[in-house]
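Asker: My structure is in input_19.cif, and what it holds is mmCIF, C-alpha atoms:
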```cif
data_model
#
loop_
_atom_site.label_atom_id
_atom_site.label_comp_id
_atom_site.auth_asym_id
_atom_site.auth_seq_id
_atom_site.Cartn_x
_atom_site.Cartn_y
_atom_site.Cartn_z
CA MET A 1 119.00 74.17 39.34
CA ILE A 2 121.33 77.04 38.55
CA ALA A 3 118.70 79.61 39.60
CA THR A 4 120.88 82.47 38.37
CA LEU A 5 119.96 86.14 38.44
CA ARG A 6 121.00 86.84 34.85
CA SER A 7 118.91 89.27 32.82
CA LEU A 8 117.19 90.81 35.84
CA PHE A 9 119.01 94.10 35.31
CA LEU A 10 117.66 94.11 31.73
CA VAL A 11 114.05 93.26 32.37
CA GLY A 12 113.47 94.18 36.00
CA ALA A 13 111.70 97.40 35.16
CA MET A 14 109.31 95.66 32.79
CA THR A 15 108.71 92.83 35.24
CA ALA A 16 107.97 95.20 38.10
CA ALA A 17 105.51 97.12 35.98
CA SER A 18 103.67 94.06 34.70
CA ALA A 19 100.53 92.74 36.28
CA ALA A 20 100.13 89.04 36.79
CA GLY A 21 99.53 87.33 33.47
CA ALA A 22 96.28 85.73 32.49
CA GLU A 23 95.81 82.01 32.85
CA ALA A 24 97.83 80.20 30.21
CA THR A 25 96.19 79.08 26.99
CA ARG A 26 97.53 76.34 24.73
CA SER A 27 97.05 75.91 21.00
CA ILE A 28 98.31 73.08 18.83
CA LEU A 29 99.95 74.27 15.63
CA SER A 30 101.18 72.40 12.58
CA PHE A 31 104.83 72.30 11.61
CA ASP A 32 103.89 74.35 8.55
CA ASP A 33 103.02 77.17 10.96
CA LEU A 34 106.62 77.37 12.19
CA GLN A 35 108.50 80.06 10.28
CA GLY A 36 111.71 78.66 8.78
CA TRP A 37 111.18 75.17 10.15
CA ALA A 38 112.28 73.39 6.97
CA GLU A 39 115.57 75.33 6.78
CA ASP A 40 116.90 74.52 10.27
CA ASP A 41 119.60 71.98 11.13
CA HIS A 42 117.38 69.48 12.92
CA GLY A 43 120.28 67.08 13.36
CA ALA A 44 122.08 69.61 15.57
CA ALA A 45 118.93 70.01 17.67
CA LEU A 46 118.52 66.24 17.97
CA SER A 47 122.08 65.91 19.25
CA VAL A 48 121.43 68.48 21.98
CA PHE A 49 118.09 66.85 22.84
CA LEU A 50 119.90 63.54 23.37
CA ASN A 51 122.25 65.21 25.87
CA THR A 52 119.48 65.47 28.44
CA CYS A 53 116.50 63.38 27.35
CA GLY A 54 117.85 60.34 29.19
CA ASP A 55 117.27 62.19 32.46
CA LEU A 56 113.56 62.71 31.78
CA LYS A 57 111.67 60.30 34.03
CA ASP A 58 108.18 60.71 32.58
CA PRO A 59 107.24 57.62 30.49
CA ASP A 60 106.17 59.74 27.49
CA TRP A 61 109.57 61.40 27.33
CA GLY A 62 111.51 58.26 28.19
CA ALA A 63 110.02 56.35 25.29
CA LEU A 64 110.81 59.18 22.88
CA CYS A 65 114.38 59.38 24.10
CA GLY A 66 114.88 55.70 23.36
CA VAL A 67 113.56 56.17 19.85
CA ALA A 68 115.58 59.37 19.29
CA GLY A 69 118.85 57.48 19.63
CA THR A 70 117.98 55.36 16.60
CA TYR A 71 117.67 58.35 14.24
CA GLU A 72 120.56 59.66 12.17
CA ALA A 73 121.06 63.40 11.81
CA ASP A 74 119.61 63.49 8.29
CA ALA A 75 116.36 61.98 9.60
CA ALA A 76 116.06 64.26 12.62
CA ARG A 77 113.35 66.44 11.08
CA ALA A 78 111.22 63.36 10.49
CA PHE A 79 111.71 62.30 14.11
CA PHE A 80 110.42 65.60 15.49
CA GLU A 81 107.50 65.75 13.08
CA LEU A 82 106.48 62.14 13.71
CA PHE A 83 106.54 62.10 17.50
CA PHE A 84 105.87 65.72 18.56
CA ARG A 85 103.29 68.44 18.09
CA PRO A 86 104.06 72.18 18.30
CA VAL A 87 102.17 73.80 21.17
CA LEU A 88 101.89 77.58 21.52
CA VAL A 89 101.58 78.45 25.21
CA GLU A 90 100.48 82.02 26.00
CA ASP A 91 99.91 83.73 29.34
CA GLY A 92 98.92 87.21 28.22
CA LYS A 93 102.45 88.64 28.33
CA ASP A 94 104.50 89.69 25.33
CA ALA A 95 107.32 87.39 24.28
CA LEU A 96 110.83 88.42 25.26
CA PHE A 97 114.17 86.88 24.34
CA THR A 98 117.37 87.82 26.14
CA GLY A 99 120.79 86.20 26.11
CA TYR A 100 123.27 84.83 28.62
CA PHE A 101 126.80 83.48 28.48
CA GLU A 102 129.61 81.94 30.48
CA PRO A 103 132.02 84.71 31.49
CA GLU A 104 135.79 84.32 31.64
CA LEU A 105 137.73 86.15 34.35
CA ASP A 106 141.44 86.45 35.03
CA GLY A 107 142.41 85.03 38.40
CA ALA A 108 144.60 82.78 40.53
CA ARG A 109 144.16 80.14 43.20
CA SER A 110 146.06 82.30 45.71
CA ARG A 111 145.73 85.97 46.55
CA THR A 112 148.22 88.38 45.00
CA ASP A 113 148.47 92.15 44.66
CA ARG A 114 146.58 91.83 41.38
CA PHE A 115 144.16 89.05 42.24
CA LYS A 116 142.51 90.16 45.47
CA TYR A 117 138.75 89.67 45.01
CA PRO A 118 137.64 86.22 46.22
CA ILE A 119 135.17 83.80 44.68
CA TYR A 120 133.61 82.17 47.73
CA LYS A 121 132.19 78.77 48.49
CA MET A 122 128.99 78.79 50.50
CA PRO A 123 129.50 78.82 54.27
CA PRO A 124 127.38 76.19 56.07
CA GLU A 125 125.41 78.72 58.10
CA ALA A 126 124.22 80.48 54.93
CA ARG A 127 122.29 77.40 53.80
CA ASN A 128 119.46 78.18 56.19
CA GLY A 129 119.05 81.74 54.85
CA PRO A 130 118.25 84.46 54.58
CA TRP A 131 121.76 85.16 55.79
CA LEU A 132 123.96 88.27 55.69
CA SER A 133 123.50 90.83 52.91
CA ARG A 134 126.04 91.54 50.15
CA ARG A 135 127.27 94.59 52.08
CA GLU A 136 127.70 92.63 55.30
CA ILE A 137 129.52 89.78 53.54
CA LEU A 138 131.98 92.02 51.72
CA SER A 139 132.46 94.73 54.35
CA GLY A 140 132.91 92.50 57.39
CA ASP A 141 135.31 89.71 58.27
CA VAL A 142 132.83 86.83 58.48
CA MET A 143 134.36 85.07 55.47
CA GLN A 144 138.00 85.54 56.38
CA GLY A 145 140.34 82.81 57.57
CA ARG A 146 137.91 79.98 56.81
CA GLY A 147 139.35 78.60 53.58
CA LEU A 148 136.19 79.41 51.62
CA GLU A 149 138.02 81.00 48.69
CA ILE A 150 137.93 78.99 45.46
CA ALA A 151 140.01 81.53 43.56
CA TRP A 152 140.85 85.23 43.48
CA VAL A 153 140.13 87.53 40.52
CA ASP A 154 141.29 90.98 39.52
CA ASP A 155 138.02 92.79 38.84
CA PRO A 156 135.15 93.23 41.34
CA VAL A 157 132.77 94.36 38.60
CA GLU A 158 133.34 91.19 36.56
CA LEU A 159 132.91 89.17 39.76
CA PHE A 160 129.52 90.85 40.28
CA PHE A 161 128.46 89.86 36.78
CA LEU A 162 129.80 86.35 37.30
CA GLN A 163 127.24 86.11 40.10
CA ILE A 164 124.51 87.26 37.73
CA GLN A 165 125.42 84.60 35.17
CA GLY A 166 125.78 81.92 37.84
CA SER A 167 128.75 80.11 36.30
CA GLY A 168 132.01 80.93 34.56
CA ARG A 169 135.66 80.17 33.96
CA VAL A 170 138.74 81.62 35.60
CA ARG A 171 141.88 81.91 33.47
CA LEU A 172 144.94 81.08 35.58
CA PRO A 173 148.44 82.61 35.21
CA ASP A 174 149.96 79.29 34.12
CA GLY A 175 147.59 79.09 31.13
CA GLY A 176 145.18 76.69 32.80
CA ALA A 177 141.64 77.40 33.86
CA LEU A 178 139.07 76.40 36.42
CA ARG A 179 135.31 76.42 36.08
CA VAL A 180 132.89 77.47 38.79
CA GLY A 181 129.17 76.82 39.02
CA TYR A 182 126.33 78.06 41.16
CA GLY A 183 126.74 76.92 44.75
CA GLY A 184 123.91 78.71 46.55
CA ALA A 185 122.91 82.19 47.64
CA ASN A 186 122.40 84.21 50.81
CA GLY A 187 118.62 84.21 50.50
CA HIS A 188 118.13 87.93 49.94
CA PRO A 189 115.94 89.13 47.05
CA TYR A 190 117.69 90.42 43.97
CA ARG A 191 117.54 94.16 43.36
CA SER A 192 118.38 95.20 39.82
CA ILE A 193 121.14 97.78 39.59
CA GLY A 194 120.02 98.53 36.05
CA VAL A 195 116.58 99.49 37.33
CA GLU A 196 118.23 101.57 40.06
CA LEU A 197 120.29 103.51 37.49
CA VAL A 198 117.08 104.22 35.59
CA ARG A 199 115.32 105.30 38.80
CA ARG A 200 118.11 107.77 39.53
CA GLY A 201 117.88 109.21 36.04
CA ILE A 202 121.44 108.14 35.17
CA LEU A 203 120.37 105.83 32.33
CA GLY A 204 117.26 105.62 30.23
CA ALA A 205 115.40 102.31 30.23
CA HIS A 206 116.46 101.72 26.61
CA GLU A 207 120.13 102.22 27.56
CA VAL A 208 120.37 99.53 30.23
CA SER A 209 122.82 96.78 29.30
CA ALA A 210 125.67 94.93 30.95
CA GLN A 211 128.16 97.03 28.99
CA MET A 212 126.59 100.33 30.09
CA ILE A 213 126.47 99.24 33.73
CA ARG A 214 130.12 98.13 33.65
CA ALA A 215 131.19 101.42 32.08
CA TRP A 216 129.33 103.54 34.63
CA VAL A 217 130.60 101.61 37.66
CA ARG A 218 134.20 101.84 36.45
CA LYS A 219 133.91 105.53 35.62
CA ASN A 220 132.48 106.22 39.09
CA PRO A 221 134.40 103.81 41.37
CA GLU A 222 133.11 105.02 44.76
CA ALA A 223 129.52 105.50 43.68
CA GLY A 224 129.81 102.33 41.62
CA ALA A 225 130.88 100.24 44.61
CA GLU A 226 127.94 101.62 46.55
CA LEU A 227 125.62 100.86 43.63
CA LEU A 228 126.62 97.19 43.71
CA PHE A 229 125.64 97.10 47.39
CA HIS A 230 122.13 98.13 46.29
CA ASN A 231 121.71 94.45 45.41
CA PRO A 232 121.70 92.55 48.75
CA SER A 233 121.69 89.15 47.04
CA TYR A 234 125.02 87.32 47.01
CA VAL A 235 125.84 84.16 45.04
CA PHE A 236 128.33 81.53 46.18
CA PHE A 237 130.07 79.03 43.89
CA ARG A 238 131.47 75.54 43.69
CA GLU A 239 134.35 74.31 41.58
CA VAL A 240 133.18 72.19 38.65
CA SER A 241 135.89 69.73 37.67
CA ARG A 242 133.99 66.96 35.88
CA VAL A 243 133.00 68.98 32.78
CA ALA A 244 135.45 68.81 29.88
CA PRO A 245 136.90 72.21 28.94
CA GLU A 246 135.45 72.07 25.42
CA LEU A 247 131.90 71.60 26.75
CA GLY A 248 129.54 74.27 27.96
CA PRO A 249 128.69 74.96 31.60
CA LEU A 250 126.16 72.92 33.51
CA GLY A 251 122.55 73.96 33.19
CA ALA A 252 119.60 73.30 35.46
CA MET A 253 119.53 69.66 34.33
CA ASN A 254 123.12 69.25 35.56
CA ARG A 255 124.31 68.65 31.99
CA SER A 256 126.42 70.85 29.75
CA ILE A 257 124.47 73.34 27.70
CA THR A 258 125.21 74.10 24.05
CA THR A 259 125.93 77.43 22.37
CA MET A 260 122.91 78.74 20.42
CA ARG A 261 120.99 75.48 20.93
CA SER A 262 120.20 75.64 24.67
CA ILE A 263 117.78 78.06 26.29
CA ALA A 264 116.65 78.86 29.79
CA ALA A 265 112.87 78.75 30.10
CA ASP A 266 110.21 78.78 32.79
CA PRO A 267 109.52 75.15 33.79
CA ALA A 268 106.02 76.17 34.89
CA TYR A 269 105.18 76.37 31.17
CA THR A 270 108.01 74.58 29.35
CA PRO A 271 109.21 71.16 30.57
CA LEU A 272 112.96 71.02 31.07
CA GLY A 273 114.45 68.94 28.28
CA ALA A 274 111.72 69.81 25.79
CA PRO A 275 112.52 71.03 22.26
CA VAL A 276 111.42 74.63 21.71
CA TRP A 277 111.01 76.32 18.36
CA VAL A 278 112.35 79.87 18.66
CA GLU A 279 111.17 82.66 16.38
CA LYS A 280 113.19 85.63 17.57
CA ASP A 281 112.52 88.88 15.75
CA GLY A 282 114.49 92.12 15.99
CA LYS A 283 117.63 93.27 14.22
CA ASN A 284 118.97 89.76 13.60
CA PRO A 285 115.98 87.39 13.30
CA LEU A 286 116.54 83.83 14.43
CA ARG A 287 114.53 80.73 13.56
CA ARG A 288 115.91 77.68 15.31
CA LEU A 289 114.99 74.54 17.23
CA MET A 290 116.53 74.73 20.69
CA ILE A 291 116.27 72.67 23.86
CA ALA A 292 115.05 74.01 27.23
CA GLN A 293 117.91 72.85 29.46
CA ASP A 294 118.22 75.69 31.94
CA THR A 295 116.27 78.07 34.17
CA GLY A 296 116.82 81.53 35.61
CA ALA A 297 115.36 83.78 38.28
CA ALA A 298 114.35 86.33 35.64
CA ILE A 299 112.96 83.77 33.24
CA LYS A 300 109.29 83.75 34.16
CA GLY A 301 106.39 83.34 31.78
CA ALA A 302 105.19 81.21 28.92
CA GLN A 303 106.88 83.36 26.27
CA ARG A 304 110.13 84.14 28.07
CA ALA A 305 113.49 82.62 27.15
CA ASP A 306 117.20 83.23 27.62
CA ILE A 307 119.42 82.05 24.76
CA PHE A 308 122.86 80.68 25.65
CA PHE A 309 125.53 82.41 23.55
CA GLY A 310 128.62 80.52 24.69
CA THR A 311 131.79 81.41 26.60
CA GLY A 312 133.92 84.53 26.74
CA ASP A 313 133.81 88.24 26.00
CA GLU A 314 132.48 88.02 22.45
CA ALA A 315 129.61 85.82 23.60
CA GLY A 316 128.98 88.21 26.46
CA GLN A 317 128.75 91.21 24.17
CA ALA A 318 126.29 89.46 21.88
CA ALA A 319 124.20 88.18 24.79
CA GLY A 320 124.15 91.60 26.44
CA ARG A 321 122.68 93.24 23.35
CA LEU A 322 119.80 90.80 22.97
CA LYS A 323 116.36 92.00 24.05
CA ASP A 324 113.96 91.08 21.27
CA PRO A 325 110.33 90.08 20.73
CA GLY A 326 109.04 87.06 18.82
CA ARG A 327 107.41 83.84 19.91
CA MET A 328 108.40 80.40 21.18
CA ILE A 329 106.58 77.13 20.58
CA VAL A 330 107.26 74.07 22.72
CA LEU A 331 107.30 70.65 21.07
CA LEU A 332 105.49 68.08 23.21
CA PRO A 333 104.95 64.34 22.76
CA ILE A 334 101.72 63.86 20.79
CA GLN A 335 99.64 62.33 23.58
CA ARG A 336 100.83 64.93 26.09
CA ALA A 337 100.11 67.79 23.68
CA TYR A 338 96.50 66.77 23.16
CA ALA A 339 95.99 65.99 26.84
CA LEU A 340 96.76 69.62 27.72
CA LEU A 341 93.97 70.99 25.56
CA PRO A 342 90.44 71.70 26.81
CA ASP A 343 87.99 68.84 26.55
CA GLU A 344 86.03 70.60 23.86
CA PHE A 345 89.01 70.80 21.50
#
```
So, in terms of structure tokens, how does the structure I just supplied come out?
Answerer:
Amino acid sequence: MIATLRSLFLVGAMTAASAAGAEATRSILSFDDLQGWAEDDHGAALSVFLNTCGDLKDPDWGALCGVAGTYEADAARAFFELFFRPVLVEDGKDALFTGYFEPELDGARSRTDRFKYPIYKMPPEARNGPWLSRREILSGDVMQGRGLEIAWVDDPVELFFLQIQGSGRVRLPDGGALRVGYGGANGHPYRSIGVELVRRGILGAHEVSAQMIRAWVRKNPEAGAELLFHNPSYVFFREVSRVAPELGPLGAMNRSITTMRSIAADPAYTPLGAPVWVEKDGKNPLRRLMIAQDTGAAIKGAQRADIFFGTGDEAGQAAGRLKDPGRMIVLLPIQRAYALLPDEF
């Protein structure tokens, strides 16, 4: 499980203000109820589904995975319609879609005058957390001289956001790159710096975004460094060497996720590996079949999802702007879908 902290600075204020949602309700829909269903590329969704369905141990899912491999892309729509039913799960909270991405940072494997901010592996004593806070880790010498550095980067603000995303790539001076993934945390609760900027009256709630936070921290270096310490949570990493460079980072299922086809969802409501029909409204509406292959600390609720936008700055800008309503409908195996409904259905 990646268990990243992404999107908390975007939605922390809303989450803190929300009461606990009502008990979840489930309604079976028809595929005709799904807006834009006929126009999607179901073959692309089937390919992504096959990436992880083999890891699903439940017999219902295992049987479907075996059948899925026999379908060609042009018959993918028929596969989903034949073996699944759309289930709308609601918990009394409004739907919210945000985005995440895999950041790219400039760095080196050794410290230099330019690259002086370390990406750390997790020290053994931190595994029994809660351990030291972010301030204590970065202000003291507890990490020094222990060989815990995976790489060194040139920007502490980008390193902070790497921790929020939970995985990323480091571009090396020789043109190569290394990928890092979530390796653990210090056990302290996350405190949103976006919410803190709103509390101080520096930003309005509608202004909070990764770009705005970056800009403010860089414009106010001393106050910005102190602001980052407001979040006591600290994320450690591990080097990921077995994933091909052209593939996406590892998600919660320990498989590569796919740009604009993978989402992070709450496994309390959406089984990991399940297809999910996304109807995202807002400025750029999106109607697409995606696969729930990831999780996130901020992704809580039946109608909450984080859409993976890919790797790099452009993906990061698009992901950072996304905060839209809509609805999501999980596709469940037929027998499982009906088994979830009340007896009187």
Asker: Applied to this file, what does the PyMOL selection byres ((chain A and resi 152-156) around 10) return in terms of residues, put as a ChimeraX atom specification?
Answerer: /A:105-120,149-151,157-162,170-172,218,225,228
Asker: How close does stretch 58-169 of chain A get to stretch 32-51 of chain A? List, as JSON lines, each residue of stretch 58-169 of chain A within 7 Å, its nearest atom pair and the distance in Å to one decimal, counting all atoms listed in the file.
Answerer:
```
{"residue": "A:Cys65", "atom": "CA", "partner": "A:Leu50", "partner_atom": "CA", "distance": 7.0}
{"residue": "A:Ala73", "atom": "CA", "partner": "A:Gly43", "partner_atom": "CA", "distance": 4.1}
{"residue": "A:Asp74", "atom": "CA", "partner": "A:Gly43", "partner_atom": "CA", "distance": 6.2}
{"residue": "A:Ala76", "atom": "CA", "partner": "A:Gly43", "partner_atom": "CA", "distance": 5.1}
{"residue": "A:Arg77", "atom": "CA", "partner": "A:His42", "partner_atom": "CA", "distance": 5.4}
```
Asker: Convert the current residue selection to file output with C-alpha atoms, as a short mmCIF file (atom, residue, chain, number, x, y, z; two decimals), in the frame of the given file.
Answerer:
```
data_model
loop_
_atom_site.label_atom_id
_atom_site.label_comp_id
_atom_site.auth_asym_id
_atom_site.auth_seq_id
_atom_site.Cartn_x
_atom_site.Cartn_y
_atom_site.Cartn_z
CA CYS A 65 114.38 59.38 24.10
CA ALA A 73 121.06 63.40 11.81
CA ASP A 74 119.61 63.49 8.29
CA ALA A 76 116.06 64.26 12.62
CA ARG A 77 113.35 66.44 11.08
#
```
Asker: Enter the distance from atom CA of A:Arg261 to atom CA of A:Phe308, in Å, rounded to one decimal.
Answerer: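 Taking atom CA of A:Arg261 as the start and atom CA of A:Phe308 as the end point, the length is 7.3 Å.
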Asker: With all atoms listed in the file counted and 6 Å as the cut-off, give the residues of stretch 28-104 of chain A in contact with stretch 329-335 of chain A, each with its shortest interatomic distance in Å and the pair that gives it, as JSON lines.
Answerer:
```
{"residue": "A:Phe83", "atom": "CA", "partner": "A:Pro333", "partner_atom": "CA", "distance": 5.9}
{"residue": "A:Phe84", "atom": "CA", "partner": "A:Pro333", "partner_atom": "CA", "distance": 4.5}
{"residue": "A:Arg85", "atom": "CA", "partner": "A:Leu331", "partner_atom": "CA", "distance": 5.5}
{"residue": "A:Pro86", "atom": "CA", "partner": "A:Leu331", "partner_atom": "CA", "distance": 4.5}
{"residue": "A:Val87", "atom": "CA", "partner": "A:Val330", "partner_atom": "CA", "distance": 5.3}
{"residue": "A:Leu88", "atom": "CA", "partner": "A:Ile329", "partner_atom": "CA", "distance": 4.8}
```
Asker: Can I get the selection written as a compact mmCIF listing (two decimals), in the frame of the given file, with C-alpha atoms?
Answerer:
```txt
# COMPACT_ATOMS: atom_id res chain seq x y z
CA PHE A 83 106.54 62.10 17.50
CA PHE A 84 105.87 65.72 18.56
CA ARG A 85 103.29 68.44 18.09
CA PRO A 86 104.06 72.18 18.30
CA VAL A 87 102.17 73.80 21.17
CA LEU A 88 101.89 77.58 21.52
```
Asker: Name the residues captured by the PyMOL selection byres ((chain A and resi 178-193) around 9) when it is applied to the shown file; answer as a ChimeraX atom specification.
Answerer: /A:1-5,8-13,119,121-122,126-134,150-151,163,165-172,176-177,194-198,213,227-228,230-241,243,245,249-250
Asker: Rounded to one decimal place, report the atom CA of A:Gly92-atom CA of A:Thr295 distance in Å.
Answerer: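 Atom CA of A:Thr295 lies at a distance of 20.5 Å from atom CA of A:Gly92.
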Asker: May I ask which of the residues A:Ala274, A:Ile307, A:Leu148, A:Ile299 is the closest one to A:Thr258, counting only C-alpha atoms?
Answerer: A:Ile307
Asker: Using the chain letters and residue numbers of this document, give as a list in words the residues selected by the PyMOL selection byres ((chain A and resi 54) around 10).
Answerer: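 So the PyMOL selection byres ((chain A and resi 54) around 10), applied here, picks out Phe49, Leu50, Asn51, Thr52, Cys53, Asp55, Leu56, Lys57, Trp61, Gly62, Ala63, Leu64, Cys65, Gly66 and Gly273 of chain A.
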Asker: Anything within 7 Å of (108.6, 87.6, 18.6): list those residues as a short mmCIF file (atom, residue, chain, number, x, y, z; two decimals) with C-alpha atoms, in the coordinates of the input, counting all atoms listed in the file and sticking to the file's coordinates.
Answerer:
```
data_model
loop_
_atom_site.label_atom_id
_atom_site.label_comp_id
_atom_site.auth_asym_id
_atom_site.auth_seq_id
_atom_site.Cartn_x
_atom_site.Cartn_y
_atom_site.Cartn_z
CA ALA A 95 107.32 87.39 24.28
CA GLU A 279 111.17 82.66 16.38
CA LYS A 280 113.19 85.63 17.57
CA ASP A 281 112.52 88.88 15.75
CA ASP A 324 113.96 91.08 21.27
CA PRO A 325 110.33 90.08 20.73
CA GLY A 326 109.04 87.06 18.82
CA ARG A 327 107.41 83.84 19.91
#
```
Asker: What is the distance, in Å and to one decimal place, between atom CA of A:Ala265 and atom CA of A:Ala68?
Answerer: 22.4 Å
Asker: So that all listed atoms of stretch 233-251 of chain A fit with 3 Å spare on each side, what axis-aligned box centre and edge lengths in Å, to one decimal, would you give as JSON?
Answerer:
```
{"center_x": 129.3, "center_y": 78.1, "center_z": 36.2, "size_x": 21.2, "size_y": 28.2, "size_z": 27.6}
```
